[in-house]
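As provided, coords.tsv (TSV, C-alpha atoms) reads as follows.
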chain	number	residue	atom	x	y	z
A	1	MET	CA	-58.30	-19.90	0.31
A	2	THR	CA	-61.40	-21.04	-1.56
A	3	ALA	CA	-62.80	-22.65	1.57
A	4	CYS	CA	-62.31	-19.33	3.38
A	5	GLY	CA	-64.28	-17.47	0.72
A	6	ALA	CA	-61.35	-15.96	-1.17
A	7	PRO	CA	-60.52	-18.18	-4.16
A	8	VAL	CA	-57.28	-17.32	-5.96
A	9	ARG	CA	-55.18	-18.82	-8.74
A	10	PRO	CA	-51.79	-20.45	-7.95
A	11	GLU	CA	-50.04	-17.80	-10.06
A	12	LEU	CA	-51.31	-15.11	-7.69
A	13	VAL	CA	-49.95	-16.96	-4.67
A	14	ASP	CA	-46.60	-17.14	-6.48
A	15	ALA	CA	-46.74	-13.37	-7.01
A	16	TRP	CA	-47.35	-12.83	-3.29
A	17	GLU	CA	-44.41	-15.05	-2.38
A	18	TYR	CA	-42.07	-13.21	-4.75
A	19	GLY	CA	-43.36	-9.81	-3.62
A	20	SER	CA	-44.50	-8.65	-7.05
A	21	GLN	CA	-48.10	-8.28	-5.84
A	22	LEU	CA	-49.85	-7.76	-2.52
A	23	PRO	CA	-53.03	-9.48	-1.38
A	24	THR	CA	-56.19	-7.46	-0.90
A	25	GLU	CA	-57.54	-7.16	2.63
A	26	PRO	CA	-60.04	-10.07	2.22
A	27	GLN	CA	-57.26	-12.18	0.71
A	28	LEU	CA	-54.89	-11.24	3.55
A	29	PHE	CA	-57.46	-12.25	6.17
A	30	ALA	CA	-58.21	-15.55	4.41
A	31	LEU	CA	-54.50	-16.28	3.99
A	32	ALA	CA	-53.91	-15.70	7.69
A	33	ASP	CA	-56.67	-18.21	8.48
A	34	VAL	CA	-55.26	-20.77	6.04
A	35	LEU	CA	-51.72	-20.45	7.45
A	36	TRP	CA	-52.89	-20.27	11.08
A	37	CYS	CA	-50.97	-17.08	11.80
A	38	PRO	CA	-51.81	-13.49	12.74
A	39	PRO	CA	-52.11	-11.03	9.83
A	40	THR	CA	-49.19	-9.08	11.32
A	41	VAL	CA	-46.86	-11.97	10.46
A	42	LEU	CA	-47.88	-11.69	6.81
A	43	MET	CA	-47.80	-7.89	6.89
A	44	GLY	CA	-44.22	-7.99	8.15
A	45	VAL	CA	-44.63	-4.84	10.25
A	46	GLU	CA	-45.54	-3.86	13.78
A	47	PRO	CA	-48.91	-2.04	13.41
A	48	ARG	CA	-48.59	1.72	13.82
A	49	THR	CA	-51.31	3.28	11.70
A	50	LEU	CA	-55.04	2.97	12.20
A	51	ALA	CA	-55.37	0.84	9.06
A	52	GLU	CA	-52.58	-1.53	10.14
A	53	HIS	CA	-54.12	-2.02	13.59
A	54	ARG	CA	-57.49	-2.75	12.00
A	55	MET	CA	-56.03	-5.29	9.59
A	56	ALA	CA	-54.06	-6.90	12.42
A	57	ARG	CA	-57.43	-7.67	14.04
A	58	GLN	CA	-58.84	-8.96	10.73
A	59	LEU	CA	-61.58	-6.33	10.74
A	60	SER	CA	-63.04	-4.79	7.61
A	61	VAL	CA	-63.81	-1.08	7.51
A	62	GLU	CA	-67.52	-1.85	7.63
A	63	ARG	CA	-67.22	-4.18	10.62
A	64	LEU	CA	-65.03	-1.85	12.68
A	65	SER	CA	-67.27	1.12	11.84
A	66	GLN	CA	-70.22	-0.90	13.13
A	67	LEU	CA	-68.40	-1.79	16.35
A	68	ILE	CA	-67.47	1.80	17.16
A	69	GLY	CA	-70.70	3.41	15.95
A	70	MET	CA	-69.22	5.55	13.18
A	71	ASP	CA	-70.26	6.10	9.59
A	72	PRO	CA	-67.96	3.99	7.35
A	73	ALA	CA	-67.23	6.94	5.06
A	74	ARG	CA	-66.10	9.06	8.01
A	75	TYR	CA	-63.98	6.21	9.31
A	76	ARG	CA	-62.32	5.77	5.89
A	77	THR	CA	-61.47	9.47	5.91
A	78	ALA	CA	-59.83	9.11	9.32
A	79	GLU	CA	-57.75	6.18	8.07
A	80	ALA	CA	-56.69	7.99	4.91
A	81	ALA	CA	-55.69	11.13	6.84
A	82	GLN	CA	-54.11	9.10	9.66
A	83	GLN	CA	-55.94	11.39	12.04
A	84	TRP	CA	-58.55	10.06	14.45
A	85	THR	CA	-61.58	12.30	14.92
A	86	GLY	CA	-63.92	10.14	17.00
A	87	ASP	CA	-65.62	11.30	20.19
A	88	TYR	CA	-64.97	9.81	23.64
A	89	ARG	CA	-67.41	6.91	23.23
A	90	GLN	CA	-66.12	6.03	19.78
A	91	THR	CA	-62.51	6.27	20.94
A	92	LYS	CA	-63.17	3.93	23.85
A	93	ALA	CA	-64.90	1.49	21.49
A	94	LEU	CA	-61.93	1.73	19.10
A	95	VAL	CA	-59.47	0.93	21.90
A	96	ASP	CA	-61.55	-2.10	22.92
A	97	ALA	CA	-61.91	-3.35	19.33
A	98	LEU	CA	-58.24	-2.97	18.40
A	99	GLY	CA	-56.67	-3.71	21.78
A	100	LEU	CA	-54.72	-0.45	21.83
A	101	SER	CA	-52.36	0.72	24.56
A	102	LEU	CA	-52.02	4.40	25.41
A	103	ARG	CA	-48.78	4.58	23.39
A	104	LYS	CA	-50.42	3.04	20.33
A	105	LEU	CA	-53.53	5.19	20.66
A	106	ILE	CA	-51.45	8.37	20.58
A	107	ALA	CA	-49.84	7.18	17.34
A	108	VAL	CA	-53.18	6.15	15.84
A	109	MET	CA	-54.69	9.53	16.68
A	110	GLY	CA	-51.95	11.20	14.64
A	111	HIS	CA	-50.25	12.95	17.57
A	112	ASN	CA	-46.77	11.44	17.23
A	113	GLU	CA	-45.40	14.36	15.18
A	114	GLU	CA	-46.80	16.88	17.63
A	115	LEU	CA	-45.29	14.92	20.51
A	116	ALA	CA	-41.94	14.66	18.71
A	117	GLY	CA	-41.91	18.43	18.16
A	118	HIS	CA	-42.31	19.12	21.87
A	119	LEU	CA	-39.66	16.54	22.75
A	120	ARG	CA	-37.14	18.02	20.31
A	121	THR	CA	-37.59	21.50	21.76
A	122	ALA	CA	-37.65	20.27	25.36
A	123	ILE	CA	-34.37	18.34	25.27
A	124	ASP	CA	-32.47	21.28	23.76
A	125	GLY	CA	-34.02	24.06	25.82
A	126	ARG	CA	-36.31	24.73	28.77
A	127	TRP	CA	-37.83	21.30	29.21
A	128	LYS	CA	-40.10	22.32	32.10
A	129	SER	CA	-42.23	24.50	29.80
A	130	HIS	CA	-43.12	21.41	27.75
A	131	VAL	CA	-44.36	19.27	30.63
A	132	GLY	CA	-47.91	20.63	30.35
A	133	PRO	CA	-48.28	20.25	26.55
A	134	VAL	CA	-46.80	16.73	26.58
A	135	ALA	CA	-49.05	15.73	29.48
A	136	THR	CA	-52.06	17.05	27.53
A	137	ILE	CA	-51.15	15.09	24.39
A	138	THR	CA	-50.45	11.84	26.22
A	139	THR	CA	-52.98	12.17	29.10
A	140	LEU	CA	-50.16	11.14	31.47
A	141	ASN	CA	-49.72	12.84	34.84
A	142	LYS	CA	-47.23	15.71	34.93
A	143	THR	CA	-44.90	14.02	37.42
A	144	ARG	CA	-44.31	11.08	35.10
A	145	VAL	CA	-43.82	13.38	32.10
A	146	SER	CA	-41.50	15.65	34.09
A	147	ASP	CA	-39.27	12.71	35.06
A	148	ALA	CA	-38.99	11.56	31.43
A	149	LEU	CA	-38.22	15.04	30.04
A	150	ARG	CA	-35.62	15.72	32.73
A	151	THR	CA	-33.84	12.47	31.88
A	152	MET	CA	-33.95	13.14	28.14
A	153	HIS	CA	-32.67	16.70	28.60
A	154	ALA	CA	-29.68	15.39	30.57
A	155	GLU	CA	-28.98	12.64	28.04
A	156	PHE	CA	-29.02	15.09	25.14
A	157	ALA	CA	-26.78	17.57	26.98
A	158	GLU	CA	-24.20	14.82	27.30
A	159	PHE	CA	-23.79	14.69	23.51
A	160	SER	CA	-22.84	18.37	23.42
A	161	GLU	CA	-20.43	17.95	26.32
A	162	ARG	CA	-18.71	15.00	24.66
A	163	TYR	CA	-18.54	16.80	21.32
A	164	MET	CA	-17.00	19.93	22.80
A	165	GLY	CA	-14.60	17.79	24.83
A	166	HIS	CA	-13.31	16.22	21.63
A	167	VAL	CA	-13.04	19.64	19.97
A	168	VAL	CA	-10.98	21.03	22.86
A	169	ALA	CA	-8.81	17.91	22.87
A	170	ARG	CA	-8.43	18.22	19.09
A	171	SER	CA	-9.58	14.65	18.60
A	172	ALA	CA	-9.66	13.08	15.16
A	173	ASP	CA	-12.58	13.87	12.89
A	174	ALA	CA	-13.70	10.25	13.23
A	175	ARG	CA	-14.45	10.78	16.94
A	176	LEU	CA	-16.47	13.93	16.20
A	177	LYS	CA	-18.44	12.11	13.51
A	178	GLU	CA	-19.09	9.23	15.87
A	179	VAL	CA	-20.65	11.52	18.50
A	180	ALA	CA	-22.64	13.36	15.81
A	181	ALA	CA	-23.98	10.04	14.50
A	182	GLU	CA	-25.03	8.96	18.00
A	183	ARG	CA	-26.78	12.31	18.47
A	184	SER	CA	-28.68	11.91	15.18
A	185	ALA	CA	-29.73	8.38	16.09
A	186	TYR	CA	-30.99	9.64	19.46
A	187	LEU	CA	-33.09	12.33	17.78
A	188	ARG	CA	-34.65	9.79	15.39
A	189	ARG	CA	-35.84	7.69	18.34
A	190	LEU	CA	-37.19	10.52	20.50
A	191	VAL	CA	-40.80	9.33	20.67
A	192	ASP	CA	-39.89	5.66	21.16
A	193	HIS	CA	-37.37	6.58	23.87
A	194	PHE	CA	-39.95	8.77	25.62
A	195	TRP	CA	-42.33	5.81	25.87
A	196	GLU	CA	-39.51	3.56	27.05
A	197	LEU	CA	-38.92	5.97	29.92
A	198	ILE	CA	-42.64	6.15	30.67
A	199	GLY	CA	-42.72	2.36	31.00
A	200	ASP	CA	-45.82	0.37	31.93
A	201	ALA	CA	-48.18	3.35	31.79
A	202	GLY	CA	-47.59	3.66	28.04
A	203	GLU	CA	-48.34	-0.01	27.43
A	204	ALA	CA	-51.56	-0.05	29.47
A	205	PRO	CA	-55.05	0.49	28.00
A	206	PRO	CA	-55.95	4.20	28.17
A	207	PHE	CA	-59.43	3.47	29.50
A	208	HIS	CA	-60.00	1.61	32.76
A	209	THR	CA	-63.20	-0.26	33.44
A	210	VAL	CA	-64.67	0.66	36.80
A	211	PRO	CA	-66.12	-2.45	38.49
A	212	THR	CA	-69.81	-2.25	39.31
A	213	HIS	CA	-71.31	-3.66	42.50

Serialized structure, structure tokens:
Amino acid sequence: MTACGAPVRPELVDAWEYGSQLPTEPQLFALADVLWCPPTVLMGVEPRTLAEHRMARQLSVERLSQLIGMDPARYRTAEAAQQWTGDYRQTKALVDALGLSLRKLIAVMGHNEELAGHLRTAIDGRWKSHVGPVATITTLNKTRVSDALRTMHAEFAEFSERYMGHVVARSADARLKEVAAERSAYLRRLVDHFWELIGDAGEAPPFHTVPTH
């Protein structure tokens, strides 16, 4: 740690190992170098927020701000609010710096809740009216979005059909609770399931470099 520019006492390392304290960002980056592992291994989470993606790339706020051409104070505000406010050029630079896919960029920009809201309404109602808004949020083409929403609408309808079937058959309460639990679990994973249905397009970079001749 000292050789990497972040000297610490052995007691502090003990505290990290026992989980009673967390390393600072410089300490986390140095520790990752010392242990020859990505910061995400030490973080113990799959990056979802803007801050987590930045730390996963071992970038300080100042360095990332420099790379994307944004004032550090404005960038810090975006991280704290979990809401990206950069323009097109800055967003493209952010994607390049952090290696973001379309799916991850939507989350970083703070649009997951908005997307989840449309998905919840679409699967339990007139899904076609939500194709446009979802396509706008995700920048995906409407055909791909339409296919995903149609599938999710049908899947969700099946829960109601199964539930009512058990009611009519006067099944035991345990069976009703089982279907209700599956329905709740489905609702909790709406956004993740949407991207699973979208497939490769969600995992691809949102900006494509046009070759020059």

Considering only C-alpha atoms, return as an mmCIF file with C-alpha atoms, in the coordinates of the input whatever protein or nucleic-acid residues lie within 12 Å of Gly199 (chain A), sequence-local ones (same chain, fewer than 3 positions apart) excluded.
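Done, and the output landed in result.cif:
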data_model
loop_
_atom_site.group_PDB
_atom_site.id
_atom_site.type_symbol
_atom_site.label_atom_id
_atom_site.label_comp_id
_atom_site.auth_asym_id
_atom_site.auth_seq_id
_atom_site.Cartn_x
_atom_site.Cartn_y
_atom_site.Cartn_z
ATOM 1 C CA SER A 101 -52.360 0.720 24.560
ATOM 2 C CA LEU A 102 -52.020 4.400 25.410
ATOM 3 C CA ARG A 103 -48.780 4.580 23.390
ATOM 4 C CA LEU A 140 -50.160 11.140 31.470
ATOM 5 C CA ARG A 144 -44.310 11.080 35.100
ATOM 6 C CA VAL A 145 -43.820 13.380 32.100
ATOM 7 C CA ASP A 147 -39.270 12.710 35.060
ATOM 8 C CA ALA A 148 -38.990 11.560 31.430
ATOM 9 C CA ASP A 192 -39.890 5.660 21.160
ATOM 10 C CA HIS A 193 -37.370 6.580 23.870
ATOM 11 C CA PHE A 194 -39.950 8.770 25.620
ATOM 12 C CA TRP A 195 -42.330 5.810 25.870
ATOM 13 C CA GLU A 196 -39.510 3.560 27.050
ATOM 14 C CA GLY A 202 -47.590 3.660 28.040
ATOM 15 C CA GLU A 203 -48.340 -0.010 27.430
ATOM 16 C CA ALA A 204 -51.560 -0.050 29.470
#

Item checked: Selection: 9 Å around Ile137 (chain A), all atoms listed in the file, excl. self and same-chain fewer than 4 positions, as a ChimeraX atom specification -> /A:106,111,114-115,132-133

Next item on the list: Mind giving me the straight-line distance from CA of Arg188 (chain A) to CA of Ala116 (chain A) in Å, one decimal?
Entry: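 These two atoms are separated by 9.4 Å.
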
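Between CA of Glu161 (chain A) and CA of Leu187 (chain A) the separation is 16.3 Å.
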
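For region 64-73 of chain A, the list of residues within 9 Å, based on only C-alpha atoms and with local chain neighbours fewer than 4 positions off taken out, reads Arg54, Leu59, Ser60, Thr77, Ala78, Gly86, Arg89, Gln90, Thr91, Lys92, Ala93, Leu94, Ala97 and Leu98 of chain A.
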
Notebook entry, point to check: Expressed in Å to a single decimal, how great is the separation between CA of Phe156 (chain A) and CA of Thr49 (chain A)?
Noted result: 28.6 Å

Next item on the list: Would you mind telling me which residue in A:Arg150, A:Lys177, A:Arg57, A:Arg76 lies nearest to Ala32 (chain A) when using only C-alpha atoms?
Entry: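 Among the listed residues, the smallest separation from Ala32 (chain A) belongs to A:Arg57.
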
Residue neighbourhood region 9-17 of chain A, 12 Å, only C-alpha atoms, exclusion window fewer than 2 positions, as a PDB file with C-alpha atoms, in the frame of the given file:
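Final output, out.pdb:
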ATOM      1  CA  MET A   1     -58.300 -19.900   0.310  1.00  0.00           C
ATOM      2  CA  THR A   2     -61.400 -21.040  -1.560  1.00  0.00           C
ATOM      3  CA  ALA A   6     -61.350 -15.960  -1.170  1.00  0.00           C
ATOM      4  CA  PRO A   7     -60.520 -18.180  -4.160  1.00  0.00           C
ATOM      5  CA  GLY A  19     -43.360  -9.810  -3.620  1.00  0.00           C
ATOM      6  CA  SER A  20     -44.500  -8.650  -7.050  1.00  0.00           C
ATOM      7  CA  GLN A  21     -48.100  -8.280  -5.840  1.00  0.00           C
ATOM      8  CA  LEU A  22     -49.850  -7.760  -2.520  1.00  0.00           C
ATOM      9  CA  PRO A  23     -53.030  -9.480  -1.380  1.00  0.00           C
ATOM     10  CA  THR A  24     -56.190  -7.460  -0.900  1.00  0.00           C
ATOM     11  CA  GLN A  27     -57.260 -12.180   0.710  1.00  0.00           C
ATOM     12  CA  LEU A  28     -54.890 -11.240   3.550  1.00  0.00           C
ATOM     13  CA  LEU A  31     -54.500 -16.280   3.990  1.00  0.00           C
ATOM     14  CA  LEU A  42     -47.880 -11.690   6.810  1.00  0.00           C
ATOM     15  CA  MET A  43     -47.800  -7.890   6.890  1.00  0.00           C
TER      16      MET A  43
END

Check: Which residue gives the smallest distance to Ala154 (chain A) among A:Ala180, A:Leu50, A:Ala56, A:Ile123, with all atoms listed in the file counted?
Finding: A:Ile123

Note to self: I'd like the contact shell of Asp124 (chain A) - 12 Å cut-off, only C-alpha atoms, skipping same-chain residues fewer than 6 positions apart - returned as an MDAnalysis selection string.
What the structure shows: chainID A and resid 117:118 130 149:150 152:160 183 187
